[in-house]
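Everything on this sheet refers to the single structure shown next.
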Amino acid sequence: MDQTLVLILFIAAMLGFMLWSQWRARRRYQQRMEELQVGDEVMTIGGIYGKLTYLDRESGLARLEIAPGVEIRLNIGAISRRVGPSGE
């Protein structure tokens, strides 16, 4: 009986820790996305680097200049992180 209770408590603690760490990671990602501004150098989840030229948080859209005069439109969720001196 005591071993079963210890096992249940251990599993509950591990599950709680996993959920808590995922929540913290999601919160950090959301904070980084809220700090993004037009002109920031970013990397997408696909590994494309470029400069943000347009950012609309309400519609969830952004434009990324990947070469002079070449822009792509993407979902804000496709942005992985800011790069460069302020983002590395």
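Note on naming: chains are A, B, ... as they come in the structure tokens, residues start from 1 per chain, ligands start from 1 in the order shown.
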Among chain A, which residues carry a DSSP assignment of helix (DSSP H, G or I), reported as an NGL selection string?
:A and (2-34 or 76-78)
Convert the current residue selection to file output with N, CA and C atoms, as an mmCIF file, in the first residue's frame.
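Result written to result.cif:
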data_model
loop_
_atom_site.group_PDB
_atom_site.id
_atom_site.type_symbol
_atom_site.label_atom_id
_atom_site.label_comp_id
_atom_site.auth_asym_id
_atom_site.auth_seq_id
_atom_site.Cartn_x
_atom_site.Cartn_y
_atom_site.Cartn_z
ATOM 1 N N ASP A 2 1.893 1.276 0.865
ATOM 2 C CA ASP A 2 2.762 2.444 0.946
ATOM 3 C C ASP A 2 3.558 2.645 -0.340
ATOM 4 N N GLN A 3 3.987 1.558 -0.961
ATOM 5 C CA GLN A 3 4.747 1.657 -2.205
ATOM 6 C C GLN A 3 3.883 2.228 -3.322
ATOM 7 N N THR A 4 2.629 1.841 -3.350
ATOM 8 C CA THR A 4 1.707 2.356 -4.369
ATOM 9 C C THR A 4 1.511 3.855 -4.202
ATOM 10 N N LEU A 5 1.362 4.302 -2.979
ATOM 11 C CA LEU A 5 1.186 5.729 -2.712
ATOM 12 C C LEU A 5 2.432 6.517 -3.111
ATOM 13 N N VAL A 6 3.594 5.993 -2.809
ATOM 14 C CA VAL A 6 4.847 6.658 -3.177
ATOM 15 C C VAL A 6 4.964 6.727 -4.696
ATOM 16 N N LEU A 7 4.626 5.659 -5.383
ATOM 17 C CA LEU A 7 4.687 5.635 -6.844
ATOM 18 C C LEU A 7 3.720 6.651 -7.447
ATOM 19 N N ILE A 8 2.517 6.717 -6.922
ATOM 20 C CA ILE A 8 1.530 7.685 -7.422
ATOM 21 C C ILE A 8 2.006 9.111 -7.188
ATOM 22 N N LEU A 9 2.553 9.377 -6.005
ATOM 23 C CA LEU A 9 3.070 10.717 -5.725
ATOM 24 C C LEU A 9 4.236 11.064 -6.632
ATOM 25 N N PHE A 10 5.124 10.110 -6.902
ATOM 26 C CA PHE A 10 6.257 10.334 -7.786
ATOM 27 C C PHE A 10 5.792 10.657 -9.199
ATOM 28 N N ILE A 11 4.851 9.905 -9.704
ATOM 29 C CA ILE A 11 4.318 10.148 -11.052
ATOM 30 C C ILE A 11 3.630 11.504 -11.114
ATOM 31 N N ALA A 12 2.868 11.859 -10.090
ATOM 32 C CA ALA A 12 2.192 13.161 -10.065
ATOM 33 C C ALA A 12 3.207 14.298 -10.035
ATOM 34 N N ALA A 13 4.282 14.119 -9.260
ATOM 35 C CA ALA A 13 5.314 15.159 -9.195
ATOM 36 C C ALA A 13 6.014 15.320 -10.544
ATOM 37 N N MET A 14 6.326 14.221 -11.214
ATOM 38 C CA MET A 14 6.972 14.289 -12.533
ATOM 39 C C MET A 14 6.054 14.952 -13.554
ATOM 40 N N LEU A 15 4.799 14.599 -13.540
ATOM 41 C CA LEU A 15 3.839 15.205 -14.463
ATOM 42 C C LEU A 15 3.716 16.699 -14.192
ATOM 43 N N GLY A 16 3.643 17.083 -12.923
ATOM 44 C CA GLY A 16 3.570 18.502 -12.572
ATOM 45 C C GLY A 16 4.791 19.260 -13.027
ATOM 46 N N PHE A 17 5.968 18.672 -12.858
ATOM 47 C CA PHE A 17 7.196 19.329 -13.292
ATOM 48 C C PHE A 17 7.229 19.496 -14.808
ATOM 49 N N MET A 18 6.806 18.483 -15.553
ATOM 50 C CA MET A 18 6.798 18.572 -17.012
ATOM 51 C C MET A 18 5.847 19.659 -17.494
ATOM 52 N N LEU A 19 4.658 19.708 -16.916
ATOM 53 C CA LEU A 19 3.686 20.723 -17.323
ATOM 54 C C LEU A 19 4.172 22.122 -16.963
ATOM 55 N N TRP A 20 4.789 22.267 -15.801
ATOM 56 C CA TRP A 20 5.288 23.567 -15.369
ATOM 57 C C TRP A 20 6.402 24.058 -16.278
ATOM 58 N N SER A 21 7.327 23.180 -16.656
ATOM 59 C CA SER A 21 8.432 23.598 -17.513
ATOM 60 C C SER A 21 7.935 23.957 -18.914
ATOM 61 N N GLN A 22 6.948 23.236 -19.431
ATOM 62 C CA GLN A 22 6.377 23.581 -20.735
ATOM 63 C C GLN A 22 5.662 24.923 -20.673
ATOM 64 N N TRP A 23 4.962 25.194 -19.592
ATOM 65 C CA TRP A 23 4.265 26.465 -19.426
ATOM 66 C C TRP A 23 5.264 27.607 -19.402
ATOM 67 N N ARG A 24 6.380 27.430 -18.668
ATOM 68 C CA ARG A 24 7.414 28.476 -18.602
ATOM 69 C C ARG A 24 8.044 28.730 -19.963
ATOM 70 N N ALA A 25 8.318 27.670 -20.724
ATOM 71 C CA ALA A 25 8.916 27.820 -22.051
ATOM 72 C C ALA A 25 7.956 28.560 -22.984
ATOM 73 N N ARG A 26 6.685 28.222 -22.922
ATOM 74 C CA ARG A 26 5.686 28.895 -23.757
ATOM 75 C C ARG A 26 5.586 30.372 -23.390
ATOM 76 N N ARG A 27 5.632 30.663 -22.097
ATOM 77 C CA ARG A 27 5.555 32.054 -21.642
ATOM 78 C C ARG A 27 6.774 32.863 -22.098
ATOM 79 N N ARG A 28 7.972 32.275 -22.026
ATOM 80 C CA ARG A 28 9.179 32.960 -22.501
ATOM 81 C C ARG A 28 9.097 33.238 -23.993
ATOM 82 N N TYR A 29 8.599 32.264 -24.778
ATOM 83 C CA TYR A 29 8.454 32.448 -26.217
ATOM 84 C C TYR A 29 7.472 33.578 -26.517
ATOM 85 N N GLN A 30 6.347 33.604 -25.807
ATOM 86 C CA GLN A 30 5.360 34.660 -26.028
ATOM 87 C C GLN A 30 5.935 36.025 -25.694
ATOM 88 N N GLN A 31 6.736 36.134 -24.647
ATOM 89 C CA GLN A 31 7.358 37.406 -24.289
ATOM 90 C C GLN A 31 8.333 37.854 -25.374
ATOM 91 N N ARG A 32 9.117 36.906 -25.921
ATOM 92 C CA ARG A 32 10.045 37.262 -26.996
ATOM 93 C C ARG A 32 9.289 37.743 -28.226
ATOM 94 N N MET A 33 8.164 37.117 -28.535
ATOM 95 C CA MET A 33 7.391 37.521 -29.706
ATOM 96 C C MET A 33 6.761 38.896 -29.496
ATOM 97 N N GLU A 34 6.360 39.220 -28.272
ATOM 98 C CA GLU A 34 5.788 40.527 -27.987
ATOM 99 C C GLU A 34 6.826 41.633 -28.101
ATOM 100 N N ILE A 76 3.285 34.972 -37.871
ATOM 101 C CA ILE A 76 4.180 35.347 -36.776
ATOM 102 C C ILE A 76 4.672 34.106 -36.035
ATOM 103 N N GLY A 77 3.862 33.078 -35.957
ATOM 104 C CA GLY A 77 4.255 31.848 -35.283
ATOM 105 C C GLY A 77 5.419 31.134 -35.944
ATOM 106 N N ALA A 78 5.737 31.498 -37.195
ATOM 107 C CA ALA A 78 6.864 30.882 -37.894
ATOM 108 C C ALA A 78 8.191 31.523 -37.516
#
Taking the chain letters and numbering used in this document, name the residues of range 15-72 of chain A that DSSP puts in strand (DSSP E), as a PyMOL selection string.
chain A and resi 41-44+49-56+61-67+70-72
Residues within 6 Å of Glu41 in chain A, only C-alpha atoms, excluding chain neighbours under 4 positions, as a PyMOL selection string
chain A and resi 50-51+82-83
Of A:Gln37, A:Met1, A:Val42, A:Gly47, the one nearest to Glu65 in chain A when counting only C-alpha atoms is A:Val42
Expressed in Å, the length from CA of Arg81 in chain A to CA of Gly46 in chain A is 11.3 Å
